[in-house]
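**Q** Submitted below is the structure of interest, expressed as structure tokens.
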Amino acid sequence: MLWYKAWLETRWRFLIGLALLMLSACASVLGYPQTMKVLSALPQAALPAGYHDYIWSQWIREGMRQLWALFAALLGTGGLLTQASRGGALFTLSLPVSRGRVLGIRTAAALAELAILAMVPMLLVPLLSPVVGETYSLTDALVYGSCMFIAGSTLFSLTLLLSTVFGDLWRPPLIALCLASLMSFVRQIVGGSSSVSLLGVMTAEPYFRGEGLPWLGLLVTAAVSAALLYAAARNLARRDF
């Protein structure tokens with residue numbers, strides 16, 4: 001019942017996100033020839049150095065990252081506190097299960113949805129690439145999807161924690177996305193290693209530049225996510241409904 005309830009709570013956010021990410025992937029791949037023509041006609045434009053460069057710079061680093069981060073935050077919002085503020089948490093709280101289990105099942109369901117949001121659009125790239133006369137490695141698609149999921153789950157975990165602090169639906173994702181935007185802005189100004197920056201690890205920038213997988217960044221972001229989820233569980237356990 002709790003799994004089904006978690007699915008009902010998040011299904012439209014998940015399905016809309018999946019549809020938008022898949023459409024974005026299709027548009028990026030199928031629009032490759034026309035995009036290159038347009039860029040080559042602009043004197044100041046920096047042309048991607050091939051198809052792989054185009055997919056990473058034009059889609060993974062921009063469109064996919066931004067859309068995925070948005071839906072990671074949206075899937076993290078809600079939960080018991082939001083339901084309680086609307087008078088809808090009494091049934092869940094009356095069930096013979098702990099708050100930790102309720103949160104754990106909701107978290108697991110959302111993380112499974114986020115994994116699908118990261119992997120399915122990326123797998124469309126090697127599938128559709130022959131249509132435009134190009135090829136794309138399945139290994140690369142899996143690497144970029146995995147990094148997006150592992151590192152980007154930090155945004156989900158932060159939003160989930162904020163959802164145990166604020167009772168409304170919109171403040172947690174707005175705060176999480178504003179922090180992510182601020183981190184991106186600071187990195188553009190001051191620079192820094194892409195191996196440990198959240199956005200660099202999300203887009204697997206070191207891997208793209210031939211430096212290998214950002215193992216340190218993946219471990220750090222996974223540890224931060226785990227710490228945020230633990231804090232969310234502790235915070236929810238202390239709440240007085």
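FYI, nothing fancy with the structure tokens labels: chains A, B, ... in order, residues from 1 per chain, ligands from 1 as they appear.
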According to DSSP computed on the backbone, where in stretch 8-126 of chain A is there helix (DSSP H, G or I)? Give the residues as a compact mmCIF listing (two decimals) with N, CA and C atoms, in the first residue's frame.
**A**
```txt
# COMPACT_ATOMS: atom_id res chain seq x y z
N LEU A 8 1.30 7.03 -6.50
CA LEU A 8 0.21 7.96 -6.77
C LEU A 8 0.63 9.40 -6.51
N GLU A 9 1.44 9.59 -5.49
CA GLU A 9 1.86 10.95 -5.14
C GLU A 9 2.81 11.55 -6.17
N THR A 10 3.62 10.72 -6.79
CA THR A 10 4.68 11.25 -7.67
C THR A 10 4.46 10.95 -9.15
N ARG A 11 3.45 10.20 -9.51
CA ARG A 11 3.36 9.66 -10.86
C ARG A 11 3.32 10.74 -11.94
N TRP A 12 2.55 11.80 -11.71
CA TRP A 12 2.43 12.80 -12.78
C TRP A 12 3.71 13.59 -12.93
N ARG A 13 4.38 13.88 -11.83
CA ARG A 13 5.68 14.56 -11.94
C ARG A 13 6.67 13.67 -12.70
N PHE A 14 6.67 12.38 -12.39
CA PHE A 14 7.57 11.45 -13.06
C PHE A 14 7.24 11.31 -14.54
N LEU A 15 5.98 11.09 -14.87
CA LEU A 15 5.60 10.86 -16.26
C LEU A 15 5.81 12.10 -17.12
N ILE A 16 5.50 13.26 -16.58
CA ILE A 16 5.74 14.50 -17.33
C ILE A 16 7.23 14.70 -17.54
N GLY A 17 8.03 14.46 -16.50
CA GLY A 17 9.47 14.59 -16.63
C GLY A 17 10.04 13.64 -17.65
N LEU A 18 9.57 12.38 -17.63
CA LEU A 18 10.06 11.39 -18.59
C LEU A 18 9.72 11.79 -20.01
N ALA A 19 8.49 12.26 -20.21
CA ALA A 19 8.07 12.67 -21.56
C ALA A 19 8.92 13.85 -22.05
N LEU A 20 9.13 14.84 -21.19
CA LEU A 20 9.90 16.02 -21.61
C LEU A 20 11.36 15.67 -21.89
N LEU A 21 11.96 14.83 -21.06
CA LEU A 21 13.36 14.44 -21.27
C LEU A 21 13.52 13.60 -22.53
N MET A 22 12.57 12.73 -22.81
CA MET A 22 12.65 11.93 -24.02
C MET A 22 12.46 12.79 -25.26
N LEU A 23 11.53 13.73 -25.20
CA LEU A 23 11.34 14.65 -26.32
C LEU A 23 12.58 15.51 -26.53
N SER A 24 13.20 15.94 -25.42
CA SER A 24 14.42 16.74 -25.51
C SER A 24 15.55 15.94 -26.16
N ALA A 25 15.68 14.66 -25.78
CA ALA A 25 16.72 13.81 -26.37
C ALA A 25 16.47 13.63 -27.87
N CYS A 26 15.24 13.35 -28.23
CA CYS A 26 14.91 13.16 -29.65
C CYS A 26 15.18 14.42 -30.45
N ALA A 27 14.78 15.56 -29.90
CA ALA A 27 14.98 16.83 -30.61
C ALA A 27 16.46 17.14 -30.78
N SER A 28 17.27 16.84 -29.76
CA SER A 28 18.71 17.11 -29.84
C SER A 28 19.39 16.24 -30.88
N VAL A 29 19.04 14.96 -30.90
CA VAL A 29 19.67 14.05 -31.87
C VAL A 29 19.20 14.35 -33.28
N LEU A 30 17.91 14.43 -33.48
CA LEU A 30 17.37 14.63 -34.83
C LEU A 30 17.65 16.03 -35.35
N TYR A 32 20.49 17.56 -34.95
CA TYR A 32 21.93 17.73 -35.10
C TYR A 32 22.35 18.34 -36.44
N PRO A 33 21.90 17.80 -37.60
CA PRO A 33 22.34 18.39 -38.87
C PRO A 33 21.96 19.87 -39.02
N GLN A 34 20.73 20.20 -38.67
CA GLN A 34 20.29 21.59 -38.82
C GLN A 34 21.01 22.51 -37.84
N THR A 35 21.23 22.05 -36.62
CA THR A 35 21.93 22.86 -35.63
C THR A 35 23.35 23.17 -36.09
N MET A 36 24.03 22.18 -36.64
CA MET A 36 25.39 22.39 -37.12
C MET A 36 25.42 23.38 -38.28
N LYS A 37 24.41 23.33 -39.15
CA LYS A 37 24.34 24.29 -40.25
C LYS A 37 24.17 25.71 -39.72
N VAL A 38 23.29 25.85 -38.75
CA VAL A 38 23.04 27.18 -38.18
C VAL A 38 24.30 27.71 -37.49
N LEU A 39 24.96 26.85 -36.68
CA LEU A 39 26.15 27.28 -35.97
C LEU A 39 27.29 27.62 -36.93
N SER A 40 27.43 26.86 -37.99
CA SER A 40 28.51 27.13 -38.95
C SER A 40 28.29 28.43 -39.70
N ALA A 41 27.04 28.90 -39.76
CA ALA A 41 26.75 30.17 -40.44
C ALA A 41 26.98 31.38 -39.55
N TYR A 51 30.10 14.87 -33.30
CA TYR A 51 28.79 14.50 -32.78
C TYR A 51 28.80 14.30 -31.27
N HIS A 52 29.81 13.60 -30.75
CA HIS A 52 29.89 13.35 -29.31
C HIS A 52 30.00 14.66 -28.54
N ASP A 53 30.80 15.57 -29.05
CA ASP A 53 30.95 16.89 -28.43
C ASP A 53 29.62 17.63 -28.45
N TYR A 54 28.91 17.52 -29.57
CA TYR A 54 27.61 18.19 -29.71
C TYR A 54 26.61 17.67 -28.66
N ILE A 55 26.51 16.35 -28.53
CA ILE A 55 25.55 15.78 -27.58
C ILE A 55 25.85 16.23 -26.16
N TRP A 56 27.13 16.24 -25.80
CA TRP A 56 27.47 16.63 -24.43
C TRP A 56 27.26 18.12 -24.20
N SER A 57 27.80 18.95 -25.10
CA SER A 57 27.77 20.40 -24.87
C SER A 57 26.39 21.01 -25.09
N GLN A 58 25.63 20.48 -26.05
CA GLN A 58 24.34 21.08 -26.38
C GLN A 58 23.17 20.45 -25.62
N TRP A 59 23.33 19.18 -25.19
CA TRP A 59 22.19 18.55 -24.52
C TRP A 59 22.50 18.12 -23.10
N ILE A 60 23.49 17.27 -22.89
CA ILE A 60 23.75 16.75 -21.54
C ILE A 60 24.08 17.89 -20.58
N ARG A 61 24.97 18.80 -20.97
CA ARG A 61 25.39 19.87 -20.07
C ARG A 61 24.32 20.93 -19.89
N GLU A 62 23.43 21.08 -20.87
CA GLU A 62 22.44 22.15 -20.81
C GLU A 62 21.03 21.59 -20.60
N GLY A 63 20.39 21.16 -21.69
CA GLY A 63 18.98 20.78 -21.61
C GLY A 63 18.69 19.64 -20.66
N MET A 64 19.44 18.55 -20.77
CA MET A 64 19.17 17.41 -19.90
C MET A 64 19.44 17.74 -18.44
N ARG A 65 20.59 18.35 -18.18
CA ARG A 65 20.94 18.66 -16.78
C ARG A 65 19.88 19.55 -16.13
N GLN A 66 19.44 20.56 -16.85
CA GLN A 66 18.48 21.49 -16.28
C GLN A 66 17.11 20.84 -16.05
N LEU A 67 16.65 20.09 -17.06
CA LEU A 67 15.35 19.41 -16.91
C LEU A 67 15.40 18.36 -15.81
N TRP A 68 16.48 17.58 -15.79
CA TRP A 68 16.58 16.51 -14.80
C TRP A 68 16.65 17.09 -13.39
N ALA A 69 17.42 18.16 -13.22
CA ALA A 69 17.52 18.80 -11.90
C ALA A 69 16.16 19.32 -11.45
N LEU A 70 15.40 19.89 -12.38
CA LEU A 70 14.07 20.40 -12.04
C LEU A 70 13.18 19.29 -11.51
N PHE A 71 13.15 18.15 -12.19
CA PHE A 71 12.25 17.07 -11.76
C PHE A 71 12.81 16.30 -10.57
N ALA A 72 14.13 16.34 -10.37
CA ALA A 72 14.69 15.76 -9.14
C ALA A 72 14.18 16.54 -7.94
N ALA A 73 14.15 17.87 -8.06
CA ALA A 73 13.64 18.70 -6.97
C ALA A 73 12.13 18.51 -6.80
N LEU A 74 11.40 18.41 -7.91
CA LEU A 74 9.95 18.25 -7.81
C LEU A 74 9.57 16.90 -7.20
N LEU A 75 10.34 15.86 -7.48
CA LEU A 75 10.04 14.55 -6.90
C LEU A 75 10.40 14.50 -5.41
N GLY A 76 11.27 15.41 -4.97
CA GLY A 76 11.65 15.43 -3.57
C GLY A 76 10.69 16.18 -2.67
N LEU A 80 4.88 13.70 4.20
CA LEU A 80 3.97 13.74 5.35
C LEU A 80 3.70 15.16 5.84
N LEU A 81 4.73 15.99 5.91
CA LEU A 81 4.54 17.33 6.46
C LEU A 81 3.62 18.16 5.58
N THR A 82 3.80 18.05 4.27
CA THR A 82 2.93 18.78 3.34
C THR A 82 1.51 18.26 3.45
N GLN A 83 1.35 16.95 3.55
CA GLN A 83 0.01 16.38 3.69
C GLN A 83 -0.63 16.81 5.00
N ALA A 84 0.18 16.85 6.07
CA ALA A 84 -0.36 17.25 7.37
C ALA A 84 -0.82 18.71 7.36
N SER A 85 -0.08 19.57 6.65
CA SER A 85 -0.46 20.97 6.59
C SER A 85 -1.77 21.17 5.85
N LEU A 90 -3.56 12.06 8.20
CA LEU A 90 -4.06 11.27 9.32
C LEU A 90 -4.11 9.79 8.99
N PHE A 91 -4.53 9.45 7.76
CA PHE A 91 -4.62 8.04 7.40
C PHE A 91 -3.24 7.39 7.40
N THR A 92 -2.25 8.07 6.81
CA THR A 92 -0.90 7.51 6.76
C THR A 92 -0.32 7.34 8.16
N LEU A 93 -0.52 8.34 9.00
CA LEU A 93 0.02 8.28 10.36
C LEU A 93 -0.66 7.21 11.20
N SER A 94 -1.90 6.82 10.83
CA SER A 94 -2.63 5.81 11.60
C SER A 94 -2.23 4.39 11.22
N ARG A 99 7.31 6.20 10.88
CA ARG A 99 7.51 7.31 9.96
C ARG A 99 8.75 7.07 9.09
N GLY A 100 9.75 6.44 9.69
CA GLY A 100 10.97 6.15 8.94
C GLY A 100 10.70 5.23 7.76
N ARG A 101 9.80 4.25 7.97
CA ARG A 101 9.47 3.34 6.87
C ARG A 101 8.68 4.06 5.78
N VAL A 102 7.77 4.92 6.19
CA VAL A 102 7.00 5.71 5.21
C VAL A 102 7.95 6.55 4.36
N LEU A 103 8.88 7.22 5.02
CA LEU A 103 9.83 8.05 4.29
C LEU A 103 10.76 7.21 3.43
N GLY A 104 11.18 6.04 3.97
CA GLY A 104 12.08 5.18 3.22
C GLY A 104 11.46 4.66 1.93
N ILE A 105 10.20 4.26 1.99
CA ILE A 105 9.53 3.75 0.80
C ILE A 105 9.32 4.87 -0.21
N ARG A 106 8.93 6.03 0.27
CA ARG A 106 8.75 7.15 -0.66
C ARG A 106 10.08 7.53 -1.31
N THR A 107 11.16 7.52 -0.54
CA THR A 107 12.48 7.85 -1.07
C THR A 107 12.92 6.83 -2.12
N ALA A 108 12.74 5.55 -1.80
CA ALA A 108 13.14 4.48 -2.74
C ALA A 108 12.35 4.58 -4.04
N ALA A 109 11.05 4.85 -3.93
CA ALA A 109 10.23 4.97 -5.13
C ALA A 109 10.68 6.14 -6.00
N ALA A 110 10.94 7.27 -5.35
CA ALA A 110 11.37 8.45 -6.10
C ALA A 110 12.75 8.26 -6.72
N LEU A 111 13.66 7.60 -6.00
CA LEU A 111 14.99 7.34 -6.55
C LEU A 111 14.92 6.39 -7.76
N ALA A 112 14.02 5.41 -7.71
CA ALA A 112 13.83 4.53 -8.86
C ALA A 112 13.32 5.34 -10.06
N GLU A 113 12.42 6.26 -9.81
CA GLU A 113 11.92 7.11 -10.90
C GLU A 113 13.02 8.01 -11.45
N LEU A 114 13.87 8.52 -10.56
CA LEU A 114 14.97 9.38 -11.01
C LEU A 114 15.97 8.59 -11.85
N ALA A 115 16.21 7.33 -11.48
CA ALA A 115 17.11 6.49 -12.27
C ALA A 115 16.56 6.30 -13.68
N ILE A 116 15.26 6.11 -13.79
CA ILE A 116 14.64 5.97 -15.11
C ILE A 116 14.74 7.28 -15.88
N LEU A 117 14.54 8.41 -15.20
CA LEU A 117 14.64 9.72 -15.86
C LEU A 117 16.05 9.98 -16.37
N ALA A 118 17.04 9.41 -15.72
CA ALA A 118 18.42 9.61 -16.16
C ALA A 118 18.81 8.65 -17.29
N MET A 119 18.36 7.40 -17.20
CA MET A 119 18.83 6.37 -18.12
C MET A 119 18.06 6.32 -19.43
N VAL A 120 16.74 6.36 -19.37
CA VAL A 120 15.95 6.18 -20.59
C VAL A 120 16.23 7.25 -21.64
N PRO A 121 16.25 8.55 -21.30
CA PRO A 121 16.58 9.54 -22.33
C PRO A 121 17.99 9.37 -22.89
N MET A 122 18.96 9.01 -22.02
CA MET A 122 20.32 8.81 -22.51
C MET A 122 20.40 7.62 -23.46
N LEU A 123 19.64 6.56 -23.20
CA LEU A 123 19.68 5.38 -24.07
C LEU A 123 19.02 5.66 -25.42
N LEU A 124 18.19 6.69 -25.49
CA LEU A 124 17.62 7.07 -26.78
C LEU A 124 18.68 7.60 -27.73
N VAL A 125 19.76 8.18 -27.19
CA VAL A 125 20.80 8.78 -28.03
C VAL A 125 21.47 7.74 -28.93
N PRO A 126 22.03 6.63 -28.40
CA PRO A 126 22.60 5.63 -29.30
C PRO A 126 21.55 4.97 -30.19
```
**Q** Fewer than 4 positions away in the same chain doesn't count, so skip those; otherwise give me all residues within 7 Å of stretch 158-162 of chain A, counting only C-alpha atoms, as a PyMOL selection string.
**A** chain A and resi 73+76-77+154+166+172-173+176+228-229+231-232
**Q** Just the selected residues (N, CA and C atoms), exported as a compact mmCIF listing (two decimals), in the first residue's frame, please.
**A**
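Okay, again21.txt is ready:
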```txt
# COMPACT_ATOMS: atom_id res chain seq x y z
N ALA A 73 14.15 17.87 -8.06
CA ALA A 73 13.64 18.70 -6.97
C ALA A 73 12.13 18.51 -6.80
N GLY A 76 11.27 15.41 -4.97
CA GLY A 76 11.65 15.43 -3.57
C GLY A 76 10.69 16.18 -2.67
N THR A 77 9.84 17.00 -3.27
CA THR A 77 8.93 17.80 -2.45
C THR A 77 7.67 17.03 -2.10
N THR A 154 21.62 14.35 -5.10
CA THR A 154 21.86 15.29 -4.00
C THR A 154 20.77 16.35 -3.96
N PHE A 166 9.65 22.59 5.89
CA PHE A 166 8.59 23.48 5.41
C PHE A 166 7.38 22.67 5.01
N PRO A 172 10.51 24.08 -0.73
CA PRO A 172 11.67 23.19 -0.80
C PRO A 172 12.33 23.10 -2.18
N PRO A 173 11.58 22.84 -3.28
CA PRO A 173 12.27 22.77 -4.58
C PRO A 173 12.84 24.11 -5.02
N ALA A 176 16.17 24.51 -3.19
CA ALA A 176 17.18 23.59 -3.72
C ALA A 176 17.67 24.03 -5.09
N LEU A 228 21.97 13.70 3.93
CA LEU A 228 20.75 14.51 3.84
C LEU A 228 19.51 13.65 4.09
N LEU A 229 19.50 12.43 3.56
CA LEU A 229 18.36 11.54 3.77
C LEU A 229 18.27 11.12 5.23
N ALA A 231 19.31 12.91 7.78
CA ALA A 231 18.82 14.09 8.49
C ALA A 231 17.32 14.26 8.30
N ALA A 232 16.84 13.96 7.08
CA ALA A 232 15.40 14.06 6.83
C ALA A 232 14.62 13.06 7.69
```
**Q** Can you pull out every residue within 9 Å of A:Ser225, counting only C-alpha atoms, but drop anything in the same chain fewer than 2 positions away, and send it as a list in words?
**A** Ile150, Ala151, Ser153, Thr154, Leu155, Phe156, Ser157, Leu158, Val220, Thr221, Ala222, Ala223, Ala227, Leu228, Leu229 and Tyr230 of chain A
**Q** I need the chosen residues saved as a compact mmCIF listing (two decimals), in the first residue's frame, with N, CA and C atoms.
**A**
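Writing the result to out35.txt gives the following:
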```
# COMPACT_ATOMS: atom_id res chain seq x y z
N ILE A 150 23.50 9.64 -9.87
CA ILE A 150 24.19 9.58 -8.58
C ILE A 150 24.45 10.97 -8.02
N ALA A 151 25.04 11.85 -8.84
CA ALA A 151 25.36 13.19 -8.34
C ALA A 151 24.11 14.05 -8.19
N SER A 153 21.15 13.18 -7.49
CA SER A 153 20.27 12.79 -6.39
C SER A 153 20.49 13.64 -5.14
N THR A 154 21.62 14.35 -5.10
CA THR A 154 21.86 15.29 -4.00
C THR A 154 20.77 16.35 -3.96
N LEU A 155 20.33 16.83 -5.12
CA LEU A 155 19.26 17.82 -5.17
C LEU A 155 17.96 17.24 -4.65
N PHE A 156 17.68 16.00 -5.04
CA PHE A 156 16.48 15.32 -4.52
C PHE A 156 16.55 15.20 -3.00
N SER A 157 17.69 14.77 -2.49
CA SER A 157 17.83 14.56 -1.04
C SER A 157 17.70 15.87 -0.28
N LEU A 158 18.28 16.94 -0.83
CA LEU A 158 18.16 18.25 -0.19
C LEU A 158 16.71 18.71 -0.16
N VAL A 220 31.63 11.54 -3.04
CA VAL A 220 31.26 12.68 -2.19
C VAL A 220 29.76 12.98 -2.30
N THR A 221 29.24 13.04 -3.53
CA THR A 221 27.83 13.36 -3.71
C THR A 221 26.94 12.25 -3.15
N ALA A 222 27.37 10.99 -3.29
CA ALA A 222 26.59 9.89 -2.72
C ALA A 222 26.57 9.99 -1.19
N ALA A 223 27.71 10.34 -0.61
CA ALA A 223 27.79 10.48 0.86
C ALA A 223 26.93 11.65 1.34
N ALA A 227 23.69 11.50 3.85
CA ALA A 227 23.62 12.32 5.06
C ALA A 227 22.35 13.16 5.07
N LEU A 228 21.97 13.70 3.93
CA LEU A 228 20.75 14.51 3.84
C LEU A 228 19.51 13.65 4.09
N LEU A 229 19.50 12.43 3.56
CA LEU A 229 18.36 11.54 3.77
C LEU A 229 18.27 11.12 5.23
N TYR A 230 19.42 10.88 5.86
CA TYR A 230 19.43 10.53 7.28
C TYR A 230 18.89 11.70 8.11
```
